[in-house]
Amino acid sequence: MIEFSKKILFVGYGAVAECTLPILFKHIKVAPKSVTVIDFESKEEKLRAWTAKGVRFVKDRVTEENMDTLLSKYLSAGDILIDLAWNIDACEILQWCHDRGILYINTSVELWDPYAGGKKHPTERTLYWRHMNLRRMFAKWKTKGPTAVIEHGANPGLISHFTKQGLIDITTASIRDGKAKGRKAEKLMGHIAARRFNNLAQDLGVKVIHCSERDTQITDVPKQIDEFVNTWSIEGFREEGTTTAEMGWGTHEKTLPALAYQHREGPRNQICVARMGMNMWVRSWVPNYTIQGMVVRHGEAFTISDRLTVWEGGKAVYRPTVHYAYCPCDEAISSLNELRGYNYALQPKLRIMNDEITKGADILGALIMGHGYNSWWVGSDLTIEESRRLVPHQNATTMQVAISVVAATMWMIENPEEGVKVPDDLPHEYILGISKPYLGTFISTPSDWTPLRDYRNAFSGFNKPDFDRRDPWQFKNFLVKDGD
Ligand SMILES: NC(=O)c1ccc[n+]([C@@H]2O[C@H](COP(=O)([O-])OP(=O)(O)OC[C@H]3O[C@@H](n4cnc5c(N)ncnc54)[C@H](O)[C@@H]3O)[C@@H](O)[C@H]2O)c1
């Protein structure tokens, strides 16, 4: 347990924050009266056990107009702001915290109104665009300022640490199994010692990394007509699912997918596609079966592919393709189907499942592909039973996010003057050391899976599947298309 004598403000008390608060008190010794929670919905009932201990609840909404006056009431230099709301502009809140010496953490980079400007070019609607705006703002700062950790939930968040752990585990196994010997083995170990994960990924031959997730949590209270049911923020999911698909684009890729757009500025490590992520499906794998997941855009596709790029003379000579392959819980899949039918107008009733879950798990990890084992999956298989044992009345999905928020908050307290960091900048041993007891079964395992391994052509001779059979790691082999 570490001690914190200043104040903590939570903005947003939804599914993730509800799970984060009890874990925070387990790991950080802070007086309950120093903790304030702001939410524009009535959360008095949900917070009763905590307000009885001294936590303060304020019913209000952080807006573009009132952000300064509202936040200034509860925060001053050295305090921590934990942002678990949605659609608070990341540039503005980061600048505000920077100017006042306040530590800050969020789990996604957002805007006040992500739905504004429907005619914008696809590249301007991307997370990449938001990251470039952030970089331009940081470049103007004279000092790096107080620590702010952005995009540190489960994914983005833990997934960056899983990736590093996976690269180390692939190396260790390759040396043990004689796949890497002599000077090659020494070189790989040298990369690990120097924390050169980009060179490590390159020398292992990694081509593609999926954040592959299958949420198997099911319920005996099924989704009703006109209801969207999920295991985490429905507003957050709708926002990222109904906009451009985005991917870290590997240097091994030969052809861009249809409707792809490239960026003109910055590291140009990503592409976007003028299709909603929720409608772009890829083949992926979790232990021990193939899944189909959606290429919903996420921060990790940007940061992992950026940090794993190897540059030579200003040219990117190596980079893996990185993106999400999300197969949500069954209730969410049927909610999405209804949403499509409603032309993406959100259902009037929203429900995040907790106590009504009867069984299942959130299986979330990094599927690292293209090396000597074909594939390697590393991550968390957390059942609802284990999650409830750790924090009652929460679910496995929010648990994976909450522990990551707490672990990064602890790192901030111990490293308060580091400026803005993404998950890839934090030490994976530190974050995983705190998180693993909350992640259920921690799996790190090889697999002979390729996107074509389980493919069966239902209309062989009557269609024209567009695959590259000589290179299994081309994006076109993962993408589910007409005519496959
Ligand atoms: N990185 C990850 O792994 C990950 C995973 C899940 C959720 N998230 C993100 O975390 C955030 C919280 O997720 P959640 O599942 O708890 O969402 P949620 O919808 O359950 O809760 C958000 C809460 O914030 C409140 N809120 C929203 N805007 C506010 C504002 N301006 N002022 C005050 N209160 C406000 C809402 O009333 C709601 O209670 C979302 O941004 C989501 O996208 C990230």
# chains A, B, ... in the order shown; residues from 1 in each chain; ligands from 1
>>> residues_around(residues="Thr309 (chain A)", least_positions_apart="2", cutoff="12 Å", atoms="only C-alpha atoms", output="PyMOL selection string")
chain A and resi 196-202+206-207+248-251+267-270+302-307+311-312+314-322
>>> residues_near_ligand(ligand="ligand 1", cutoff="8 Å", atoms="only C-alpha atoms and all ligand atoms", output="CSV table (one decimal) with N, CA and C atoms, in the first residue's frame")
chain,number,residue,atom,x,y,z
A,11,VAL,N,-13.9,12.1,-12.0
A,11,VAL,CA,-15.0,12.6,-12.8
A,11,VAL,C,-15.6,11.4,-13.6
A,12,GLY,N,-16.9,11.2,-13.3
A,12,GLY,CA,-17.6,10.1,-13.9
A,12,GLY,C,-17.6,8.9,-12.9
A,13,TYR,N,-18.8,8.5,-12.6
A,13,TYR,CA,-18.9,7.3,-11.7
A,13,TYR,C,-19.8,6.3,-12.4
A,14,GLY,N,-19.3,5.7,-13.5
A,14,GLY,CA,-20.0,4.7,-14.2
A,14,GLY,C,-19.4,3.3,-13.9
A,15,ALA,N,-19.5,2.4,-14.9
A,15,ALA,CA,-19.2,1.0,-14.6
A,15,ALA,C,-17.7,0.9,-14.2
A,16,VAL,N,-16.8,1.6,-14.8
A,16,VAL,CA,-15.4,1.5,-14.5
A,16,VAL,C,-15.1,2.1,-13.2
A,17,ALA,N,-15.6,3.3,-12.9
A,17,ALA,CA,-15.3,4.0,-11.7
A,17,ALA,C,-15.8,3.2,-10.5
A,18,GLU,N,-17.0,2.7,-10.6
A,18,GLU,CA,-17.6,1.9,-9.5
A,18,GLU,C,-16.6,0.7,-9.1
A,38,ILE,N,-17.5,13.3,-9.0
A,38,ILE,CA,-18.5,14.2,-9.7
A,38,ILE,C,-19.1,13.3,-10.8
A,39,ASP,N,-20.4,13.3,-10.9
A,39,ASP,CA,-21.2,12.7,-12.0
A,39,ASP,C,-22.5,13.5,-12.2
A,40,PHE,N,-22.9,13.6,-13.5
A,40,PHE,CA,-24.1,14.4,-13.7
A,40,PHE,C,-25.4,13.6,-13.4
A,41,GLU,N,-25.2,12.3,-13.3
A,41,GLU,CA,-26.3,11.4,-12.9
A,41,GLU,C,-26.4,11.3,-11.4
A,43,LYS,N,-25.9,9.5,-8.3
A,43,LYS,CA,-25.1,8.3,-8.0
A,43,LYS,C,-25.1,8.1,-6.4
A,59,LYS,N,-23.1,16.2,-7.6
A,59,LYS,CA,-23.9,16.0,-8.9
A,59,LYS,C,-23.7,17.2,-9.8
A,60,ASP,N,-22.9,17.0,-10.8
A,60,ASP,CA,-22.6,18.1,-11.7
A,60,ASP,C,-22.0,17.5,-13.0
A,61,ARG,N,-22.0,18.4,-14.0
A,61,ARG,CA,-21.5,17.9,-15.3
A,61,ARG,C,-20.3,18.8,-15.7
A,62,VAL,N,-19.1,18.2,-16.0
A,62,VAL,CA,-18.0,19.0,-16.5
A,62,VAL,C,-18.3,19.3,-18.0
A,63,THR,N,-18.3,20.6,-18.3
A,63,THR,CA,-18.5,21.0,-19.6
A,63,THR,C,-17.4,22.0,-20.1
A,83,ASP,N,-10.1,10.7,-14.6
A,83,ASP,CA,-11.2,11.0,-15.6
A,83,ASP,C,-11.8,9.7,-16.2
A,84,LEU,N,-12.9,9.3,-15.6
A,84,LEU,CA,-13.6,8.1,-16.1
A,84,LEU,C,-15.0,8.5,-16.7
A,85,ALA,N,-15.1,9.7,-17.2
A,85,ALA,CA,-16.3,10.1,-17.8
A,85,ALA,C,-16.1,9.9,-19.3
A,86,TRP,N,-17.0,10.4,-20.2
A,86,TRP,CA,-16.8,10.3,-21.6
A,86,TRP,C,-16.9,11.7,-22.2
A,87,ASN,N,-16.2,11.9,-23.3
A,87,ASN,CA,-16.4,13.1,-24.1
A,87,ASN,C,-15.9,14.4,-23.4
A,88,ILE,N,-14.9,14.3,-22.6
A,88,ILE,CA,-14.2,15.5,-22.1
A,88,ILE,C,-12.9,15.7,-22.9
A,106,ASN,N,-6.5,9.1,-17.7
A,106,ASN,CA,-7.8,8.7,-18.3
A,106,ASN,C,-7.6,7.4,-19.0
A,107,THR,N,-8.7,6.9,-19.6
A,107,THR,CA,-8.6,5.6,-20.3
A,107,THR,C,-8.9,5.7,-21.8
A,108,SER,N,-9.2,6.9,-22.3
A,108,SER,CA,-9.3,7.1,-23.7
A,108,SER,C,-9.3,8.6,-24.0
A,109,VAL,N,-8.8,8.9,-25.2
A,109,VAL,CA,-8.6,10.3,-25.6
A,109,VAL,C,-9.9,10.7,-26.4
A,110,GLU,N,-10.5,11.7,-25.8
A,110,GLU,CA,-11.9,12.1,-26.3
A,110,GLU,C,-12.0,13.6,-26.6
A,151,GLU,N,-4.9,7.0,-21.7
A,151,GLU,CA,-5.3,5.7,-22.3
A,151,GLU,C,-4.8,4.5,-21.5
A,152,HIS,N,-5.0,4.6,-20.2
A,152,HIS,CA,-4.5,3.5,-19.4
A,152,HIS,C,-5.6,2.7,-18.7
A,153,GLY,N,-6.4,2.0,-19.6
A,153,GLY,CA,-7.4,1.1,-19.1
A,153,GLY,C,-6.9,-0.3,-19.3
A,154,ALA,N,-7.8,-1.2,-19.8
A,154,ALA,CA,-7.4,-2.5,-20.2
A,154,ALA,C,-6.8,-2.5,-21.6
A,155,ASN,N,-7.7,-2.0,-22.6
A,155,ASN,CA,-7.2,-1.8,-23.9
A,155,ASN,C,-7.9,-0.5,-24.5
A,156,PRO,N,-7.2,0.6,-24.7
A,156,PRO,CA,-5.7,0.7,-24.4
A,156,PRO,C,-5.4,0.6,-22.9
A,157,GLY,N,-4.2,0.3,-22.7
A,157,GLY,CA,-3.7,0.2,-21.3
A,157,GLY,C,-2.9,-1.1,-21.1
A,158,LEU,N,-3.5,-2.1,-20.4
A,158,LEU,CA,-2.8,-3.3,-20.1
A,158,LEU,C,-2.2,-4.0,-21.4
A,231,THR,N,-21.1,-4.8,-21.3
A,231,THR,CA,-20.4,-5.0,-20.1
A,231,THR,C,-19.6,-3.8,-19.7
A,232,TRP,N,-19.6,-2.7,-20.5
A,232,TRP,CA,-18.9,-1.4,-20.1
A,232,TRP,C,-19.6,-0.3,-20.9
A,233,SER,N,-19.0,0.9,-20.9
A,233,SER,CA,-19.7,2.1,-21.4
A,233,SER,C,-20.3,1.9,-22.8
A,234,ILE,N,-21.6,2.1,-22.8
A,234,ILE,CA,-22.3,2.0,-24.1
A,234,ILE,C,-22.0,3.3,-24.9
A,235,GLU,N,-22.0,4.4,-24.3
A,235,GLU,CA,-21.7,5.7,-25.0
A,235,GLU,C,-20.3,5.6,-25.6
A,236,GLY,N,-19.3,5.1,-24.8
A,236,GLY,CA,-17.9,4.9,-25.2
A,236,GLY,C,-17.8,4.0,-26.4
A,237,PHE,N,-18.5,2.9,-26.3
A,237,PHE,CA,-18.5,1.8,-27.4
A,237,PHE,C,-19.2,2.4,-28.7
A,352,ILE,N,-25.8,-1.7,-18.4
A,352,ILE,CA,-24.5,-2.3,-18.3
A,352,ILE,C,-24.7,-3.5,-17.3
A,397,THR,N,-15.1,-7.4,-17.2
A,397,THR,CA,-14.6,-6.4,-18.2
A,397,THR,C,-14.1,-5.2,-17.4
A,398,THR,N,-15.0,-4.7,-16.5
A,398,THR,CA,-14.6,-3.4,-15.8
A,398,THR,C,-13.4,-3.7,-14.8
A,400,GLN,N,-10.8,-5.6,-15.4
A,400,GLN,CA,-9.5,-5.5,-16.1
A,400,GLN,C,-9.2,-4.0,-16.3
A,401,VAL,N,-10.2,-3.1,-16.5
A,401,VAL,CA,-9.9,-1.7,-16.7
A,401,VAL,C,-9.5,-1.1,-15.3
>>> atom_distance(atom1="CA of Ser404 (chain A)", atom2="CA of Tyr430 (chain A)")
10.9 Å
>>> closest_residue(among="A:Ile218, A:Leu256, A:Val30, A:Ala458", to="Cys329 (chain A)", atoms="only C-alpha atoms")
A:Ile218
>>> closest_residue(among="A:Lys464, A:Glu331, A:Ile8, A:Glu65", to="Gln224 (chain A)", atoms="only C-alpha atoms")
A:Glu331
